[in-house]
Amino acid sequence: MRLSPRVLALAFATLAAASVIAKPRKIASPKPVLHATKAPEPVAPAGSPALADPLLQSLIAAKPFAKARLGVAVFDLETNQFLHAQAHEVALNPASNAKLLTAATALGTLGGAHTFVTTVGGTVEGGVVEGPLVLRGHGDPSFSTADVADIVEHLLAKGVRSVKGPIVVDQGFFDDAFVPPAFDQQEDEWAPFRANTAALSLDENTVTLVVDAAPKGQVAKVRVEPEGAALIEGEIRCDAEKGDRPELALRVEADGLHARVSGSIRPGSHSLRYVKRAHDPRLLAGQALKRLLVRAGVAVEGNVVLGASPEKHVLVEHVSAPLASLLFRVGKQSDNFYAEMLFRTLDAEAKGTRGAGNGAAHAVASFLDRIGAGGDGLVVTNGSGLFDANRVAAATYVKLLSWAWREPSVHPEFLAHLAVGGVDGTLRSRFDEPALRGRIRAKTGTLEHVASLAGYILRRDGRMPVVFALVANDLSDVSGARVAFDTFVRGVVTRMDGEPAAAP
């Protein structure tokens, strides 16, 4: 998926002078050198008078937090002091705010110019690939069917007309554990937000079941995209009286994913589409390559198989957009798949192969220690924040956000990837009043009993911003907690706007 020019323009509007994204180039970008040392240690006001502050007390006393655990940290980068602190060193489940750790580590270790390269290798003689055609991935979360079609066009341009050997899908950049850490807590959840990962992934590792209506009394046409990604069983009848009531159940068998369909659809109804996660996504891209090659008139005699190949002759190379651009999906849209792909890439890039969740967790924790943002109770399990996986204190977010603001090698890209209050992403409909629009740059987080919000409040006069982190667990009213968070942030902004103007 590609972000529109309008979205990119909005996100970079306040960074035009500072934000530059390099052109994609290599499979393994050189590791950037971080010039900044650890951020200055935050200082709590003497006697912690902030704890008695009416604004903070009002948040703590809000009804959604009556039986919840709440961590609050509001830190002024201008004075290097906490404005508010409540249980800020207690590690809690941060939900999707875990993505801030993933994004910062990726920018701080890979760099914003890092790109992901997918290659097709083989030896062509007289238009024939005699041996295997090797499709090799390096963790690109954005790789799509459209990219496969582009690869086919390049193969045709090189004169490929026949493939004698198999299409080998080399997934060796990641290890074999394609289910991200903690995702097995909801094995029966088939929604795309729980998509599995692979070094070579396709269309965010989802399958789409399409139901096309037929005349009354006949059987509707049911197909799956990508073609062959699931075996369809059952039928859906066209029935005007019963209306659009199709049913779909997915299950994993030894021979792959099975889709059991039943129910009804109205004759003449528009096509219905159901996007679900692919259980084992490792062959999806290879199957798409074979299908599109055959469609283009290329004879493919071999099957699509998993494997490692020593083939080093690259026929086609697909280069992704830079990491800085891909992070928009992580911060603004809170895309779990992108986050987990980047998470495993951290370990794979460090080792050169076989990226794993436990190695990525170590990479993130080590990075936080390196920049002075680690803390007691920190638990890093996955990169997206899904399920009961991670534990992070509000103080850790304050230190991380402070470092990212002060570190010139990551500042523009990190700020740009956050949702902008009242403008885009998960904050599009929050903080949208004129006095606030565009001034809140933050990451949201939501689970069944968890709410979180962390980011920056920009000052009108251009001085250093205020950093904040709000994390609540054991909530009975998540939506009410979000409202209380927003009210509290508005109160902080009101106080900031009442400050004396900066000296010229």
# chains A, B, ... in the order shown; residues from 1 in each chain; ligands from 1
$ residues_around --residues "range 377-386 of chain A" --least-positions-apart "6" --cutoff "9 Å" --atoms "only C-alpha atoms" --output "JSON list (two decimals) with N, CA and C atoms, in the first residue's frame"
[["chain", "number", "residue", "atom", "x", "y", "z"],
["A", 89, "GLU", "N", 7.08, 5.01, 37.36],
["A", 89, "GLU", "CA", 8.13, 3.99, 37.22],
["A", 89, "GLU", "C", 7.58, 2.57, 37.32],
["A", 90, "VAL", "N", 6.26, 2.44, 37.36],
["A", 90, "VAL", "CA", 5.62, 1.12, 37.41],
["A", 90, "VAL", "C", 5.41, 0.62, 35.98],
["A", 91, "ALA", "N", 5.94, -0.55, 35.66],
["A", 91, "ALA", "CA", 5.82, -1.10, 34.31],
["A", 91, "ALA", "C", 4.43, -1.70, 34.12],
["A", 92, "LEU", "N", 3.74, -1.25, 33.07],
["A", 92, "LEU", "CA", 2.38, -1.69, 32.77],
["A", 92, "LEU", "C", 2.31, -2.17, 31.31],
["A", 93, "ASN", "N", 1.22, -2.87, 30.98],
["A", 93, "ASN", "CA", 0.99, -3.27, 29.59],
["A", 93, "ASN", "C", 0.70, -2.01, 28.77],
["A", 94, "PRO", "N", 1.54, -1.67, 27.79],
["A", 94, "PRO", "CA", 1.38, -0.42, 27.05],
["A", 94, "PRO", "C", 0.48, -0.52, 25.82],
["A", 95, "ALA", "N", -0.03, -1.73, 25.51],
["A", 95, "ALA", "CA", -0.78, -1.94, 24.27],
["A", 95, "ALA", "C", 0.08, -1.47, 23.09],
["A", 96, "SER", "N", -0.53, -0.77, 22.14],
["A", 96, "SER", "CA", 0.20, -0.41, 20.92],
["A", 96, "SER", "C", 1.28, 0.64, 21.12],
["A", 97, "ASN", "N", 1.38, 1.22, 22.30],
["A", 97, "ASN", "CA", 2.50, 2.12, 22.54],
["A", 97, "ASN", "C", 3.83, 1.38, 22.53],
["A", 98, "ALA", "N", 3.79, 0.04, 22.56],
["A", 98, "ALA", "CA", 5.01, -0.73, 22.37],
["A", 98, "ALA", "C", 5.64, -0.43, 21.02],
["A", 99, "LYS", "N", 4.83, 0.01, 20.06],
["A", 99, "LYS", "CA", 5.36, 0.32, 18.73],
["A", 99, "LYS", "C", 6.36, 1.48, 18.77],
["A", 100, "LEU", "N", 6.26, 2.35, 19.78],
["A", 100, "LEU", "CA", 7.24, 3.42, 19.91],
["A", 100, "LEU", "C", 8.64, 2.86, 20.16],
["A", 101, "LEU", "N", 8.72, 1.78, 20.93],
["A", 101, "LEU", "CA", 10.01, 1.15, 21.18],
["A", 101, "LEU", "C", 10.57, 0.56, 19.89],
["A", 102, "THR", "N", 9.70, -0.11, 19.13],
["A", 102, "THR", "CA", 10.12, -0.72, 17.87],
["A", 102, "THR", "C", 10.59, 0.33, 16.88],
["A", 103, "ALA", "N", 9.81, 1.41, 16.74],
["A", 103, "ALA", "CA", 10.15, 2.45, 15.77],
["A", 103, "ALA", "C", 11.45, 3.15, 16.14],
["A", 180, "PRO", "N", 4.10, -14.44, 15.44],
["A", 180, "PRO", "CA", 4.83, -13.51, 16.31],
["A", 180, "PRO", "C", 4.66, -13.84, 17.79],
["A", 181, "PRO", "N", 5.60, -13.44, 18.62],
["A", 181, "PRO", "CA", 5.52, -13.72, 20.05],
["A", 181, "PRO", "C", 4.21, -13.21, 20.66],
["A", 182, "ALA", "N", 3.57, -14.06, 21.44],
["A", 182, "ALA", "CA", 2.32, -13.79, 22.17],
["A", 182, "ALA", "C", 1.07, -13.87, 21.29],
["A", 183, "PHE", "N", 1.23, -13.98, 19.97],
["A", 183, "PHE", "CA", 0.06, -14.05, 19.10],
["A", 183, "PHE", "C", -0.70, -15.36, 19.26],
["A", 194, "ARG", "N", -4.07, -9.63, 13.20],
["A", 194, "ARG", "CA", -3.25, -10.65, 13.83],
["A", 194, "ARG", "C", -2.45, -11.44, 12.79],
["A", 330, "VAL", "N", 3.27, 2.29, 11.00],
["A", 330, "VAL", "CA", 3.45, 1.86, 12.38],
["A", 330, "VAL", "C", 2.90, 2.90, 13.36],
["A", 334, "SER", "N", -0.94, 2.47, 13.35],
["A", 334, "SER", "CA", -0.77, 1.40, 14.35],
["A", 334, "SER", "C", -0.88, 0.02, 13.72],
["A", 335, "ASP", "N", -0.18, -0.17, 12.62],
["A", 335, "ASP", "CA", -0.24, -1.43, 11.88],
["A", 335, "ASP", "C", 0.60, -2.49, 12.59],
["A", 336, "ASN", "N", -0.06, -3.52, 13.10],
["A", 336, "ASN", "CA", 0.64, -4.57, 13.84],
["A", 336, "ASN", "C", 1.60, -5.36, 12.95],
["A", 337, "PHE", "N", 1.17, -5.66, 11.74],
["A", 337, "PHE", "CA", 2.00, -6.45, 10.83],
["A", 337, "PHE", "C", 3.32, -5.73, 10.53],
["A", 338, "TYR", "N", 3.25, -4.46, 10.17],
["A", 338, "TYR", "CA", 4.46, -3.70, 9.90],
["A", 338, "TYR", "C", 5.37, -3.70, 11.12],
["A", 339, "ALA", "N", 4.78, -3.51, 12.31],
["A", 339, "ALA", "CA", 5.58, -3.46, 13.53],
["A", 339, "ALA", "C", 6.30, -4.78, 13.78],
["A", 340, "GLU", "N", 5.60, -5.90, 13.60],
["A", 340, "GLU", "CA", 6.22, -7.20, 13.86],
["A", 340, "GLU", "C", 7.27, -7.54, 12.80],
["A", 341, "MET", "N", 7.07, -7.13, 11.58],
["A", 341, "MET", "CA", 8.09, -7.35, 10.54],
["A", 341, "MET", "C", 9.36, -6.55, 10.86],
["A", 342, "LEU", "N", 9.20, -5.30, 11.28],
["A", 342, "LEU", "CA", 10.37, -4.50, 11.65],
["A", 342, "LEU", "C", 11.05, -5.08, 12.88],
["A", 343, "PHE", "N", 10.26, -5.58, 13.81],
["A", 343, "PHE", "CA", 10.78, -6.16, 15.04],
["A", 343, "PHE", "C", 11.73, -7.31, 14.72],
["A", 344, "ARG", "N", 11.30, -8.25, 13.89],
["A", 344, "ARG", "CA", 12.15, -9.39, 13.55],
["A", 344, "ARG", "C", 13.34, -8.97, 12.70],
["A", 357, "GLY", "N", 12.09, -13.58, 17.29],
["A", 357, "GLY", "CA", 11.43, -12.69, 18.23],
["A", 357, "GLY", "C", 12.24, -12.45, 19.49],
["A", 358, "ASN", "N", 12.86, -13.51, 20.03],
["A", 358, "ASN", "CA", 13.61, -13.32, 21.27],
["A", 358, "ASN", "C", 14.86, -12.47, 21.02],
["A", 360, "ALA", "N", 15.07, -10.12, 18.73],
["A", 360, "ALA", "CA", 14.58, -8.76, 18.54],
["A", 360, "ALA", "C", 14.25, -8.11, 19.88],
["A", 361, "ALA", "N", 13.66, -8.88, 20.79],
["A", 361, "ALA", "CA", 13.35, -8.36, 22.13],
["A", 361, "ALA", "C", 14.63, -7.90, 22.83],
["A", 362, "HIS", "N", 15.68, -8.70, 22.69],
["A", 362, "HIS", "CA", 16.97, -8.33, 23.29],
["A", 362, "HIS", "C", 17.52, -7.07, 22.63],
["A", 364, "VAL", "N", 15.84, -4.57, 21.29],
["A", 364, "VAL", "CA", 15.10, -3.40, 21.75],
["A", 364, "VAL", "C", 15.50, -3.04, 23.18],
["A", 365, "ALA", "N", 15.56, -4.03, 24.06],
["A", 365, "ALA", "CA", 15.92, -3.76, 25.45],
["A", 365, "ALA", "C", 17.34, -3.19, 25.55],
["A", 392, "VAL", "N", 5.94, -1.76, 30.15],
["A", 392, "VAL", "CA", 6.76, -0.56, 30.01],
["A", 392, "VAL", "C", 6.23, 0.51, 30.96],
["A", 393, "ALA", "N", 7.12, 1.20, 31.62],
["A", 393, "ALA", "CA", 6.73, 2.28, 32.54],
["A", 393, "ALA", "C", 6.57, 3.60, 31.79],
["A", 396, "THR", "N", 9.81, 5.32, 31.17],
["A", 396, "THR", "CA", 10.59, 4.85, 30.03],
["A", 396, "THR", "C", 10.20, 5.60, 28.77],
["A", 445, "GLY", "N", -2.76, 3.64, 22.11],
["A", 445, "GLY", "CA", -2.73, 2.21, 22.40],
["A", 445, "GLY", "C", -4.04, 1.77, 23.03],
["A", 447, "LEU", "N", -6.21, -1.96, 24.16],
["A", 447, "LEU", "CA", -6.55, -3.38, 24.26],
["A", 447, "LEU", "C", -7.85, -3.47, 25.07]]
$ residues_around --residues "Ala195 in chain A" --least-positions-apart "4" --cutoff "8 Å" --atoms "only C-alpha atoms" --output "ChimeraX atom specification"
/A:190-191,204-206,277-279,336-337
$ write_last_selection --atoms "N, CA and C atoms" --output "PDB file, in the first residue's frame"
ATOM      1  N   TRP A 190      -8.956 -14.727  13.271  1.00  0.00           N
ATOM      2  CA  TRP A 190      -8.533 -14.709  11.873  1.00  0.00           C
ATOM      3  C   TRP A 190      -8.521 -13.307  11.271  1.00  0.00           C
ATOM      4  N   ALA A 191      -8.769 -12.292  12.082  1.00  0.00           N
ATOM      5  CA  ALA A 191      -8.756 -10.917  11.576  1.00  0.00           C
ATOM      6  C   ALA A 191      -7.353 -10.535  11.111  1.00  0.00           C
ATOM      7  N   GLU A 204       0.609  -8.091   3.191  1.00  0.00           N
ATOM      8  CA  GLU A 204       0.488  -8.152   4.653  1.00  0.00           C
ATOM      9  C   GLU A 204      -0.006  -9.514   5.137  1.00  0.00           C
ATOM     10  N   ASN A 205       0.307 -10.526   4.353  1.00  0.00           N
ATOM     11  CA  ASN A 205      -0.005 -11.925   4.706  1.00  0.00           C
ATOM     12  C   ASN A 205      -1.476 -12.135   5.035  1.00  0.00           C
ATOM     13  N   THR A 206      -2.315 -11.601   4.166  1.00  0.00           N
ATOM     14  CA  THR A 206      -3.759 -11.785   4.293  1.00  0.00           C
ATOM     15  C   THR A 206      -4.302 -12.488   3.060  1.00  0.00           C
ATOM     16  N   ARG A 277      -6.458 -13.251   7.913  1.00  0.00           N
ATOM     17  CA  ARG A 277      -5.024 -13.526   7.922  1.00  0.00           C
ATOM     18  C   ARG A 277      -4.745 -14.897   7.306  1.00  0.00           C
ATOM     19  N   ALA A 278      -3.589 -15.029   6.679  1.00  0.00           N
ATOM     20  CA  ALA A 278      -3.138 -16.326   6.198  1.00  0.00           C
ATOM     21  C   ALA A 278      -2.425 -17.029   7.352  1.00  0.00           C
ATOM     22  N   HIS A 279      -2.757 -18.300   7.570  1.00  0.00           N
ATOM     23  CA  HIS A 279      -2.125 -18.994   8.698  1.00  0.00           C
ATOM     24  C   HIS A 279      -0.623 -19.158   8.477  1.00  0.00           C
ATOM     25  N   ASN A 336      -0.064  -3.519  13.101  1.00  0.00           N
ATOM     26  CA  ASN A 336       0.642  -4.568  13.841  1.00  0.00           C
ATOM     27  C   ASN A 336       1.596  -5.362  12.954  1.00  0.00           C
ATOM     28  N   PHE A 337       1.170  -5.656  11.737  1.00  0.00           N
ATOM     29  CA  PHE A 337       2.004  -6.447  10.833  1.00  0.00           C
ATOM     30  C   PHE A 337       3.319  -5.731  10.531  1.00  0.00           C
TER      31      PHE A 337
END
$ select_by_dssp --residues "range 209-324 of chain A" --states "strand (DSSP E)" --output "PyMOL selection string"
chain A and resi 209-212+221-225+231-234+237-238+245-253+256-265+272-277+299-300+304-306+314-319
$ select_by_dssp --residues "range 291-496 of chain A" --states "helix (DSSP H, G or I)" --output "ChimeraX atom specification"
/A:291-295,323-331,336-351,357-370,394-406,411-417,425-427,478-496
$ closest_residue --among "A:Leu107, A:Pro54, A:Ala249, A:Val492" --to "Tyr456 in chain A" --atoms "only C-alpha atoms"
A:Val492
$ closest_residue --among "A:Gly256, A:Gly165, A:Pro132, A:Pro412" --to "Ser325 in chain A" --atoms "only C-alpha atoms"
A:Pro412
$ closest_residue --among "A:Lys332, A:Phe193, A:Asp388, A:Lys242" --to "Arg428 in chain A" --atoms "only C-alpha atoms"
A:Lys332
$ residues_around --residues "range 266-268 of chain A" --least-positions-apart "2" --cutoff "7 Å" --atoms "only C-alpha atoms" --output "PyMOL selection string"
chain A and resi 213-216+238-240+243-244+264+270
$ write_last_selection --atoms "C-alpha atoms" --output "PDB file, in the first residue's frame"
ATOM      1  CA  ALA A 213     -23.803 -12.945  -6.518  1.00  0.00           C
ATOM      2  CA  ALA A 214     -25.556 -15.101  -9.143  1.00  0.00           C
ATOM      3  CA  PRO A 215     -29.204 -15.261 -10.338  1.00  0.00           C
ATOM      4  CA  LYS A 216     -31.855 -16.287  -7.811  1.00  0.00           C
ATOM      5  CA  CYS A 238     -28.519 -16.634  -3.888  1.00  0.00           C
ATOM      6  CA  ASP A 239     -31.750 -15.992  -1.959  1.00  0.00           C
ATOM      7  CA  ALA A 240     -33.619 -12.663  -2.027  1.00  0.00           C
ATOM      8  CA  GLY A 243     -30.620 -11.585   2.042  1.00  0.00           C
ATOM      9  CA  ASP A 244     -26.908 -11.080   2.576  1.00  0.00           C
ATOM     10  CA  SER A 264     -26.946 -16.679   1.463  1.00  0.00           C
ATOM     11  CA  HIS A 270     -22.488  -6.186  -4.876  1.00  0.00           C
TER      12      HIS A 270
END
$ closest_residue --among "A:Gln185, A:Thr79, A:Thr444, A:Ser309" --to "Gly331 in chain A" --atoms "only C-alpha atoms"
A:Thr444
$ closest_residue --among "A:Leu59, A:Phe65, A:Ala149, A:Gly374" --to "Asn473 in chain A" --atoms "only C-alpha atoms"
A:Phe65
$ closest_residue --among "A:Pro408, A:Ala373, A:Val72, A:Pro166" --to "Leu453 in chain A" --atoms "only C-alpha atoms"
A:Val72
$ atom_distance --atom1 "CA of Asp203 in chain A" --atom2 "CA of Val314 in chain A"
23.0 Å
$ residues_around --residues "Ala296 in chain A" --least-positions-apart "3" --cutoff "12 Å" --atoms "only C-alpha atoms" --output "list in words"
Ala149, Asp150, Ile151, Val152, Glu153, His154, Leu155, Leu156, Ala157, Val160, Arg161, Ser162, Leu289, Lys290, Arg291, Leu292, Leu293, Ala299 and Val300 of chain A
$ residues_around --residues "range 317-321 of chain A" --least-positions-apart "3" --cutoff "7 Å" --atoms "only C-alpha atoms" --output "PyMOL selection string"
chain A and resi 24+115-120+140+325-326
